[in-house]
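The next block holds one structure in the form of C-alpha cells; read it before the comments.
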Amino acid sequence: MQKNIFNHTLESMLEKHLPEKELAEVKRLLYGRELHSLDLPQWVGDNELDVKGFILSGEVQEQLRPPRTVRVGVIQHSIVVPTTEPLQKQRSSLHQKIQKYVDHAAACGVNVLCLQEAWAMPFAFCTREKYPWCEFAEEVETGPTTVLMAELAQRHGMVIISPILERDVENSDTLWNTSVVIGTDGKVIGKHRKNHIPRVGDFNESTYYMEGNTGHPVFETSFGRIAINVCYGRHHPQNWMMFGLNGAEIVFNPSATTSHTSEPLWPIEARCAAVANSYFTCAINRVGTEMFPNEFTSGDGAPAHHDFGHFYGSSYITAPDGTRTPGLSRDKDGLLVCDMDLNMCRQMKDIWCLRMTQRLDMYAKELSEFVEKNLHLREPMN
C-alpha cells in the first residue's frame, strides 16, 4: 500500500468526491446523528497536530436529572526520534512532546484524557528482541512516565489514563502491558493489565508479557466511571461486556494496530461495543511507521523487514446510541475532544432495553456447560 494514501481520511475522500446532499446522507449512514463542533483553542506548537472537537450529547432532555457532561480527550501520536537513538533520548523526546499535547488538552478543558498503548516507547514487540526494548519497562507508581503524568494530572485537575510497559518488581520483575489511571490529585487510582494478548503476524507481544490478572476493573473518578480495554481486547465481545456489567460509563481502547492487519475492522468494533453495552467508547491508535535496526520475519514466508507496518491513527469516539465522531488523521498526531453527557448510558438502556433483554442467566448456564464439557478444566493433570 502506498504511504501517501494515508494523507487522506475516509471523511476527506468523501468530502472531495460527493455532492453536498449525498455527502450529508452518507455521513448520516456512516456516523449517525449530525454532530456539532466544539470551539477549541488553536494549536500553536511547532509540529502539526490534528485537533478536532465534537458534542456527543443525546436527544433526550431529562426533567429530573441534570446533565452529567464530561469533556473527554484522546491523543494519538508518532515516535519522535529513530529507534536507533539511545533509549533515554527516545523516551524523553516522547515525554516532552506529549507534555505539550496534554497542556493543550487542558487548555481545551479536557477532564479525562487517554493516551495510546505503550505511548512512551516504540511498539518494538514485533522484533522479538528482549534488549534493549525491555529497558523501557517501568514501575506503575514510581516510573518516570507515571511521575510526569501525575504532575500534569494534578496541575490541570485532570484524570489521565497512561498505558505503559510495566515492570512488576513485587512479582519477580514480571512485565505487563498496563494502563495506569491517575486522579486529579496526581495519585494513582489503579491499574488495568491487558486481558487478551495477540499471537498473529508481527504481534509478538507474548514474547514479552502474558495475559493480565486484573480482570475487568471499573474506576470511580470525579468525572464518571471509566474502564480500559487495551488494544487486542476489542476483538473479544465478552471483554467489552464485562466492563459494562461492572458499571463502566466510558471505556477507552488504547491501541497500536497497523493498516494491513485491522484497518477495515477499526471503525466497527469500538462502535459496536458502545451500542451493545450502553456506554461511551474511545478508540485510540498510534501513528506512523516505526523502523527498527534489525530485520525480522512474520512467519509467513515473506521477506524479512525492518518495520511493523503503518499505524494509521484514525482515533474516534462513539456514544451509546451508536453515533460516532469522524476519525482523526491517518498520518498525523492528533487530539480528539468530546463533550459527552453520561446520562445517555441510562437513557439508551431504557430506550433499547439491551441490558434488560441480555439473558445473562441463560448464557451463564450454557457457557458453564460448554467449559465443563469441552475445556476439561476440572480433570486432574497427569
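Naming scheme: A, B, ... for chains in displayed order of the C-alpha cells; residues 1 onward per chain; ligands 1 onward as shown.
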Find the residues around Pro217 in chain A up to 8 Å (only C-alpha atoms counted), leave out those fewer than 3 positions away in its own chain, and share them as a ChimeraX atom specification. /A:192,214,227,243,246
Counting only C-alpha atoms, what is within 6 Å of range 336-342 of chain A, bar same-chain residues fewer than 2 positions away, as an mmCIF file with all heavy atoms, in the first residue's frame?
```
data_model
loop_
_atom_site.group_PDB
_atom_site.id
_atom_site.type_symbol
_atom_site.label_atom_id
_atom_site.label_comp_id
_atom_site.auth_asym_id
_atom_site.auth_seq_id
_atom_site.Cartn_x
_atom_site.Cartn_y
_atom_site.Cartn_z
ATOM 1 N N VAL A 51 -6.398 18.679 15.558
ATOM 2 C CA VAL A 51 -7.276 18.898 16.715
ATOM 3 C C VAL A 51 -8.722 18.975 16.240
ATOM 4 O O VAL A 51 -9.063 19.789 15.381
ATOM 5 C CB VAL A 51 -6.905 20.189 17.473
ATOM 6 C CG1 VAL A 51 -7.830 20.398 18.669
ATOM 7 C CG2 VAL A 51 -5.451 20.134 17.929
ATOM 8 N N LYS A 52 -9.561 18.111 16.787
ATOM 9 C CA LYS A 52 -10.981 18.106 16.465
ATOM 10 C C LYS A 52 -11.782 18.033 17.756
ATOM 11 O O LYS A 52 -11.332 17.443 18.746
ATOM 12 C CB LYS A 52 -11.354 16.915 15.568
ATOM 13 C CG LYS A 52 -10.815 16.966 14.147
ATOM 14 C CD LYS A 52 -11.357 15.786 13.335
ATOM 15 C CE LYS A 52 -11.020 15.903 11.850
ATOM 16 N NZ LYS A 52 -9.595 15.648 11.595
ATOM 17 N N GLY A 53 -12.980 18.636 17.740
ATOM 18 C CA GLY A 53 -13.841 18.583 18.913
ATOM 19 C C GLY A 53 -15.302 18.504 18.523
ATOM 20 O O GLY A 53 -15.743 19.169 17.567
ATOM 21 N N PHE A 54 -16.074 17.686 19.261
ATOM 22 C CA PHE A 54 -17.480 17.465 18.944
ATOM 23 C C PHE A 54 -18.305 17.367 20.228
ATOM 24 O O PHE A 54 -17.775 17.087 21.303
ATOM 25 C CB PHE A 54 -17.656 16.178 18.131
ATOM 26 C CG PHE A 54 -16.918 16.170 16.833
ATOM 27 C CD1 PHE A 54 -15.651 15.603 16.752
ATOM 28 C CD2 PHE A 54 -17.465 16.745 15.703
ATOM 29 C CE1 PHE A 54 -14.952 15.599 15.561
ATOM 30 C CE2 PHE A 54 -16.780 16.755 14.506
ATOM 31 C CZ PHE A 54 -15.516 16.176 14.432
ATOM 32 N N ILE A 55 -19.604 17.577 20.075
ATOM 33 C CA ILE A 55 -20.548 17.426 21.183
ATOM 34 C C ILE A 55 -21.334 16.137 20.957
ATOM 35 O O ILE A 55 -22.021 15.988 19.942
ATOM 36 C CB ILE A 55 -21.502 18.632 21.268
ATOM 37 C CG1 ILE A 55 -20.704 19.916 21.496
ATOM 38 C CG2 ILE A 55 -22.526 18.424 22.380
ATOM 39 C CD1 ILE A 55 -21.544 21.176 21.416
ATOM 40 N N LEU A 56 -21.226 15.200 21.899
ATOM 41 C CA LEU A 56 -21.897 13.909 21.787
ATOM 42 C C LEU A 56 -23.011 13.803 22.828
ATOM 43 O O LEU A 56 -23.074 12.838 23.584
ATOM 44 C CB LEU A 56 -20.895 12.759 21.989
ATOM 45 C CG LEU A 56 -20.232 12.179 20.746
ATOM 46 C CD1 LEU A 56 -19.250 11.085 21.128
ATOM 47 C CD2 LEU A 56 -21.254 11.630 19.771
ATOM 48 N N SER A 57 -23.857 14.789 22.874
ATOM 49 C CA SER A 57 -24.993 14.749 23.795
ATOM 50 C C SER A 57 -26.159 14.012 23.154
ATOM 51 O O SER A 57 -26.272 13.943 21.933
ATOM 52 C CB SER A 57 -25.427 16.165 24.185
ATOM 53 O OG SER A 57 -24.388 16.823 24.885
ATOM 54 N N ARG A 68 -24.946 15.278 32.991
ATOM 55 C CA ARG A 68 -23.638 14.920 33.565
ATOM 56 C C ARG A 68 -22.600 15.030 32.452
ATOM 57 O O ARG A 68 -22.070 14.041 31.967
ATOM 58 C CB ARG A 68 -23.672 13.517 34.150
ATOM 59 C CG ARG A 68 -24.628 13.357 35.327
ATOM 60 C CD ARG A 68 -24.690 11.904 35.785
ATOM 61 N NE ARG A 68 -23.368 11.425 36.158
ATOM 62 C CZ ARG A 68 -22.914 10.209 35.877
ATOM 63 N NH1 ARG A 68 -23.649 9.359 35.167
ATOM 64 N NH2 ARG A 68 -21.703 9.832 36.266
ATOM 65 N N THR A 69 -22.314 16.241 32.058
ATOM 66 C CA THR A 69 -21.444 16.473 30.913
ATOM 67 C C THR A 69 -19.975 16.392 31.322
ATOM 68 O O THR A 69 -19.540 17.053 32.261
ATOM 69 C CB THR A 69 -21.732 17.838 30.276
ATOM 70 O OG1 THR A 69 -23.102 17.885 29.876
ATOM 71 C CG2 THR A 69 -20.844 18.053 29.052
ATOM 72 N N VAL A 70 -19.234 15.578 30.605
ATOM 73 C CA VAL A 70 -17.804 15.393 30.826
ATOM 74 C C VAL A 70 -17.086 15.663 29.507
ATOM 75 O O VAL A 70 -17.565 15.264 28.434
ATOM 76 C CB VAL A 70 -17.502 13.954 31.309
ATOM 77 C CG1 VAL A 70 -16.003 13.732 31.434
ATOM 78 C CG2 VAL A 70 -18.189 13.683 32.630
ATOM 79 N N ARG A 71 -15.965 16.339 29.589
ATOM 80 C CA ARG A 71 -15.162 16.588 28.384
ATOM 81 C C ARG A 71 -13.989 15.607 28.371
ATOM 82 O O ARG A 71 -13.118 15.634 29.232
ATOM 83 C CB ARG A 71 -14.679 18.031 28.327
ATOM 84 C CG ARG A 71 -13.910 18.353 27.043
ATOM 85 C CD ARG A 71 -13.796 19.836 26.789
ATOM 86 N NE ARG A 71 -15.091 20.419 26.405
ATOM 87 C CZ ARG A 71 -15.244 21.665 25.921
ATOM 88 N NH1 ARG A 71 -14.180 22.445 25.751
ATOM 89 N NH2 ARG A 71 -16.441 22.117 25.612
ATOM 90 N N VAL A 72 -13.996 14.743 27.364
ATOM 91 C CA VAL A 72 -13.006 13.673 27.249
ATOM 92 C C VAL A 72 -12.076 13.961 26.082
ATOM 93 O O VAL A 72 -12.501 14.477 25.039
ATOM 94 C CB VAL A 72 -13.724 12.319 27.050
ATOM 95 C CG1 VAL A 72 -12.735 11.215 26.678
ATOM 96 C CG2 VAL A 72 -14.490 11.939 28.318
ATOM 97 N N GLY A 73 -10.805 13.614 26.248
ATOM 98 C CA GLY A 73 -9.836 13.782 25.178
ATOM 99 C C GLY A 73 -9.016 12.527 24.968
ATOM 100 O O GLY A 73 -8.760 11.770 25.912
ATOM 101 N N VAL A 74 -8.623 12.275 23.722
ATOM 102 C CA VAL A 74 -7.706 11.182 23.402
ATOM 103 C C VAL A 74 -6.605 11.734 22.501
ATOM 104 O O VAL A 74 -6.840 12.617 21.673
ATOM 105 C CB VAL A 74 -8.423 9.998 22.719
ATOM 106 C CG1 VAL A 74 -9.518 9.448 23.623
ATOM 107 C CG2 VAL A 74 -9.006 10.387 21.373
ATOM 108 N N MET A 344 -26.675 9.587 28.984
ATOM 109 C CA MET A 344 -27.051 8.789 27.815
ATOM 110 C C MET A 344 -26.951 7.294 28.087
ATOM 111 O O MET A 344 -27.669 6.495 27.458
ATOM 112 C CB MET A 344 -26.179 9.144 26.618
ATOM 113 C CG MET A 344 -26.583 10.390 25.865
ATOM 114 S SD MET A 344 -25.664 10.523 24.305
ATOM 115 C CE MET A 344 -26.414 9.208 23.350
ATOM 116 N N CYS A 345 -26.055 6.882 28.982
ATOM 117 C CA CYS A 345 -25.883 5.447 29.257
ATOM 118 C C CYS A 345 -27.203 4.855 29.759
ATOM 119 O O CYS A 345 -27.676 3.833 29.247
ATOM 120 C CB CYS A 345 -24.770 5.241 30.276
ATOM 121 S SG CYS A 345 -23.142 5.831 29.731
#
```
Apply DSSP to the structure's backbone, then extract all residues of range 36-157 of chain A labelled helix (DSSP H, G or I) and return them as a PyMOL selection string. chain A and resi 87-107+124-127+133-136+144-156
Tell me, counting only C-alpha atoms, for each residue of range 164-256 of chain A within 12 Å of range 350-370 of chain A, which pair of atoms is nearest and how far apart they are in Å to one decimal, in rows ordered by chain and increasing number, as CSV.
```
residue,atom,partner,partner_atom,distance
A:Gln238,CA,A:Tyr363,CA,11.4
A:Met241,CA,A:Arg355,CA,10.3
A:Met242,CA,A:Leu360,CA,11.3
A:Gly244,CA,A:Arg355,CA,9.5
A:Leu245,CA,A:Arg355,CA,8.9
A:Gly247,CA,A:Arg355,CA,11.8
```
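Considering only C-alpha atoms, the residue among A:Ser298, A:Thr258, A:Thr146, A:Thr9 positioned nearest to Asp202 in chain A is A:Ser298.
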All residues 8 Å or closer to Pro82 in chain A, only C-alpha atoms, same chain fewer than 6 positions away omitted, as a compact mmCIF listing (two decimals) with all heavy atoms, in the first residue's frame:
```
# COMPACT_ATOMS: atom_id res chain seq x y z
N GLN A 90 14.97 8.54 23.35
CA GLN A 90 13.68 8.16 22.78
C GLN A 90 12.55 8.49 23.74
O GLN A 90 11.53 9.10 23.36
CB GLN A 90 13.66 6.67 22.44
CG GLN A 90 14.58 6.26 21.31
CD GLN A 90 14.41 4.81 20.94
OE1 GLN A 90 13.30 4.34 20.68
NE2 GLN A 90 15.52 4.06 20.90
N GLU A 290 7.31 2.81 12.16
CA GLU A 290 8.48 2.76 13.04
C GLU A 290 9.48 1.75 12.48
O GLU A 290 9.16 0.57 12.30
CB GLU A 290 8.05 2.37 14.46
CG GLU A 290 7.06 3.35 15.04
CD GLU A 290 6.45 2.93 16.38
OE1 GLU A 290 6.77 1.82 16.86
OE2 GLU A 290 5.66 3.72 16.94
N MET A 291 10.69 2.20 12.20
CA MET A 291 11.73 1.36 11.61
C MET A 291 12.68 0.88 12.71
O MET A 291 13.09 1.66 13.57
CB MET A 291 12.52 2.14 10.56
CG MET A 291 11.66 2.76 9.47
SD MET A 291 10.78 1.54 8.46
CE MET A 291 12.16 0.72 7.66
```
For CA of Asp173 in chain A and CA of Ala120 in chain A, determine how far apart the two atoms are, in Å to one decimal place. 19.2 Å
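CA of Ala137 in chain A is positioned 7.2 Å from CA of Leu175 in chain A.
Closest to Glu34 in chain A among A:Trp119, A:Arg324, A:Ile189, A:Val181 is A:Arg324, based on only C-alpha atoms.
CA of His196 in chain A is positioned 16.2 Å from CA of Ala273 in chain A.
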Can you check which residues of range 171-293 of chain A DSSP gives as strand (DSSP E or B) on the backbone and send them as number ranges by chain? A: 174-182, 188-193, 200, 203, 219-221, 224-228, 250-255, 258, 280-285, 287-293
Excluding same-chain residues fewer than 6 positions from Ile160 in chain A, what lies within 12 Å of it counting only C-alpha atoms, as an MDAnalysis selection string? chainID A and resid 72:75 99 102 105:106 110:116 145:154 179:191 219 221:223 226:228 252
Would you list the contacts of range 16-28 of chain A as a ChimeraX atom specification, taking every protein, DNA or RNA residue within 12 Å and counting only C-alpha atoms, but skipping same-chain residues closer than 4 positions in sequence? /A:8-12,32-35,322-326
